[in-house]
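Asker: The structure under discussion is supplied below as structure tokens; questions concerning it will follow.
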Amino acid sequence: MSQRWYLLHSDGTSEGPISTAEILQGITSGTIRHDTEACKTGEDQWELVDDGVAPYEDYLVGEADGPIRFTMRHVVKKDHGCILAANELRDGRFMYQALGDGETKNFYDSLADGLIYGDVGQPSPSLGPRNDTDENWSWNGNAHWFVKGTYPTLLREIYTPDLIYQQPLWISGDDPDGLPFSGAPVTQGTDIFFNVGTLSMIGIMAFDAEKGVRPLVRYYGDTTQGASNIGTDGKHLVWTHGTGKAAGEQLYPTRSIMAADYTTDAASLSPVRLRSDPSADIGNEFVVGCGYASHAAAASGDILIVRISDGVSWTLQQVPGWRWSHPLGITCEEVFAIALIDNPLTSNTEQDPTIARVRIDLLGPGTPAD
């Protein structure tokens, strides 16, 4: 299937087709619109819409090698206090969060936030709860659970697919070490994995519908070692184990990437060390898929990929004008990641995000495990 790109101006005129290189060079401004009629004829045609002000953004959910399944347009106006954030896409369910209600100059001056969610293939999204309190809410999850976060209390609660309150997921006061919830939860089917911790102590918890919340990798009362960055695809668990931290320090000097077969039960966990972890970030969750795991590497702008079977790794390194942000997902053939590209048309050469696809079979032999 071929692709063609056109630039549509506000006066009704258009130019094109234009090349992908011209788009990346910043010749076009605006956003992407999918032409479904053209798709029916076997040609995947898109239009870049430019009304002279770039007043809107399109949020899209689509197949990697197929059609767009959902799109939502956010009208952006100057001094308009409302933004959208893409929170989650798991098990066919996507979640967006609206921050601000447009009644204030900046969204952070508004108390309002709300949930917009849907399932891939569903014609229209659904509206979740609206919040107008002094608390800030966040939403994660999948087709089985909604996980609601509350700030500044860091309380986490579980809701059913119909948004009916089920139970608390995490209350830091109930933890023997008093550790708060850290980062975003990872939902896999009806199971939930999450990190808890501070700069002095950190660990991993698991939830399943039968036995509730339990420690998965915890070192209670021990500030010299910790575990974080949990990721899973339902077959493997991958995380970082940090050791050797002296009293008063924040970073673990020795870090190892660990892997195990999937479980929510610590007694059934059989960890294997894959290799050292070059990233000192304890908030750098792994993306896992088809026998590989990935997260940001040691240098800002690089991404690490590791093979679970033997610990062989590859580093995607930044180059001038192009730096890596973070991985999105892994198939047996490709790693999908966010990359940031310099835009020379902006005053400070700002970086525009794009989705890059990296073929695993072209990465070369890799670096052996250490």
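Scheme for the structure tokens: letters A, B, ... for chains in order shown; per-chain residue numbers from 1; ligand numbers from 1 in order shown.
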Check region 84-204 of chain A with DSSP on the backbone and list each residue it calls strand (DSSP E or B), as an NGL selection string.

Answerer: :A and (84-90 or 93-99 or 113-119 or 126-131 or 136-141 or 146-151 or 155-159 or 165-170 or 181-188 or 191-197 or 202-204)

Asker: Give the helix (DSSP H, G or I) residues of region 84-300 of chain A, as assigned by DSSP on the backbone, as a ChimeraX atom specification.

Answerer: /A:107-109,172-174,266-268

Asker: Using only N, CA and C atoms, please write the residues we just selected to a file, as an mmCIF file, in the first residue's frame.

Answerer:
```cif
data_model
loop_
_atom_site.group_PDB
_atom_site.id
_atom_site.type_symbol
_atom_site.label_atom_id
_atom_site.label_comp_id
_atom_site.auth_asym_id
_atom_site.auth_seq_id
_atom_site.Cartn_x
_atom_site.Cartn_y
_atom_site.Cartn_z
ATOM 1 N N PHE A 107 -3.763 25.765 31.940
ATOM 2 C CA PHE A 107 -4.449 24.589 32.477
ATOM 3 C C PHE A 107 -4.099 24.345 33.935
ATOM 4 N N TYR A 108 -2.856 24.713 34.350
ATOM 5 C CA TYR A 108 -2.473 24.440 35.729
ATOM 6 C C TYR A 108 -3.118 25.407 36.718
ATOM 7 N N ASP A 109 -3.820 26.430 36.212
ATOM 8 C CA ASP A 109 -4.578 27.308 37.093
ATOM 9 C C ASP A 109 -5.993 26.774 37.332
ATOM 10 N N SER A 172 0.362 4.236 51.364
ATOM 11 C CA SER A 172 1.738 4.170 51.865
ATOM 12 C C SER A 172 1.806 3.942 53.370
ATOM 13 N N GLY A 173 0.788 4.412 54.116
ATOM 14 C CA GLY A 173 0.795 4.232 55.558
ATOM 15 C C GLY A 173 0.666 2.785 55.989
ATOM 16 N N ASP A 174 0.191 1.920 55.080
ATOM 17 C CA ASP A 174 0.047 0.505 55.409
ATOM 18 C C ASP A 174 1.326 -0.291 55.170
ATOM 19 N N ALA A 266 5.987 -14.014 44.908
ATOM 20 C CA ALA A 266 7.424 -13.925 45.169
ATOM 21 C C ALA A 266 8.040 -15.297 45.408
ATOM 22 N N ALA A 267 7.291 -16.228 45.996
ATOM 23 C CA ALA A 267 7.823 -17.566 46.268
ATOM 24 C C ALA A 267 8.096 -18.343 44.991
ATOM 25 N N SER A 268 7.412 -17.979 43.912
ATOM 26 C CA SER A 268 7.600 -18.675 42.624
ATOM 27 C C SER A 268 8.588 -17.952 41.716
#
```

Asker: Which residues of region 102-199 of chain A come within 7 Å of region 213-237 of chain A, and what is each one's closest atom pair and distance in Å (one decimal), counting only C-alpha atoms, sorted by chain and residue number, as a Markdown table?

Answerer:
```
| residue | atom | partner | partner_atom | distance |
| --- | --- | --- | --- | --- |
| A:Asp177 | CA | A:Gly221 | CA | 6.6 |
| A:Val186 | CA | A:Gly231 | CA | 6.9 |
| A:Gln188 | CA | A:Gly234 | CA | 6.3 |
| A:Phe194 | CA | A:Ile230 | CA | 7.0 |
| A:Asn195 | CA | A:Ser228 | CA | 5.9 |
```

Asker: Using only C-alpha atoms, can you tell me which of A:Leu316, A:Leu363, A:Val75, A:Ile308 comes closest to Cys290 (chain A)?

Answerer: A:Ile308

Asker: When you count only C-alpha atoms, which of these residues is closest to Gly289 (chain A): A:Gly301, A:Glu333, A:Ser325, A:Gln317?

Answerer: A:Glu333

Asker: Tyr292 (chain A): which residues within 7 Å, counting only C-alpha atoms, same-chain residues fewer than 6 positions away excluded, as a list in words?

Answerer: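 Here the answer would be Ile305, Val306, Arg307 and Ile308 of chain A.
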
Asker: If we count only C-alpha atoms and set the cut-off at 9 Å, which residues sit around Leu111 (chain A), ignoring sequence neighbours fewer than 3 positions away in its own chain? Please answer as an NGL selection string.

Answerer: :A and (99-101 or 107-108 or 131-136)

Asker: Considering only C-alpha atoms, return as a PDB file with C-alpha atoms, in the first residue's frame whatever protein or nucleic-acid residues lie within 9 Å of Pro180 (chain A), sequence-local ones (same chain, fewer than 5 positions apart) excluded.

Answerer:
```pdb
ATOM      1  CA  THR A 153      -1.592  11.797  48.751  1.00  0.00           C
ATOM      2  CA  LEU A 154      -0.200   9.231  46.234  1.00  0.00           C
ATOM      3  CA  LEU A 155      -3.201   7.020  46.987  1.00  0.00           C
ATOM      4  CA  TRP A 170      -1.805   1.197  47.643  1.00  0.00           C
ATOM      5  CA  ILE A 171      -1.804   3.275  50.828  1.00  0.00           C
ATOM      6  CA  SER A 172       1.738   4.170  51.865  1.00  0.00           C
ATOM      7  CA  GLY A 173       0.795   4.232  55.558  1.00  0.00           C
ATOM      8  CA  ASP A 175       3.580  -0.370  54.226  1.00  0.00           C
ATOM      9  CA  ASN A 195       7.045   0.251  42.105  1.00  0.00           C
ATOM     10  CA  VAL A 196       6.980   1.766  45.583  1.00  0.00           C
ATOM     11  CA  GLY A 197       9.745   3.849  47.070  1.00  0.00           C
ATOM     12  CA  THR A 198      11.771   6.977  47.608  1.00  0.00           C
TER      13      THR A 198
END
```

Asker: When you draw a straight line from CA of Trp145 (chain A) to CA of Gly183 (chain A), how long is it in Å?

Answerer: 17.2 Å

Asker: Calculate how many Å separate CA of Val272 (chain A) from CA of Asp91 (chain A), rounding to one decimal.

Answerer: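 Between these atoms lies a distance of 27.6 Å.
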
Asker: From the options A:Leu115, A:Val288, A:Cys332, A:Ala260, which residue's atoms come nearest to Leu304 (chain A), counting only C-alpha atoms?

Answerer: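 So, comparing all the options, the nearest one is A:Val288.
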
Asker: Quick one: everything within 8 Å of Thr190 (chain A), counting only C-alpha atoms, minus sequence neighbours fewer than 3 positions away in the same chain. Send it as a list in words.

Answerer: His144, Trp145, Thr187, Asp208 and Ala209 of chain A

Asker: Using only C-alpha atoms, can you tell me which of A:Leu169, A:Ala143, A:Ala356, A:Val312 comes closest to His326 (chain A)?

Answerer: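 Once distances to His326 (chain A) are computed over only C-alpha atoms, the minimum belongs to A:Ala356.
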
Asker: To one decimal place in Å, what is the distance between CA of Met258 (chain A) and CA of His241 (chain A)?

Answerer: 6.7 Å

Asker: In terms of the shortest atom-to-atom distance over only C-alpha atoms, which of A:Ala64, A:Ala86, A:Ala299, A:Met205 is closest to Glu334 (chain A)?

Answerer: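 Looking only at the distances to Glu334 (chain A), the closest residue turns out to be A:Ala64.
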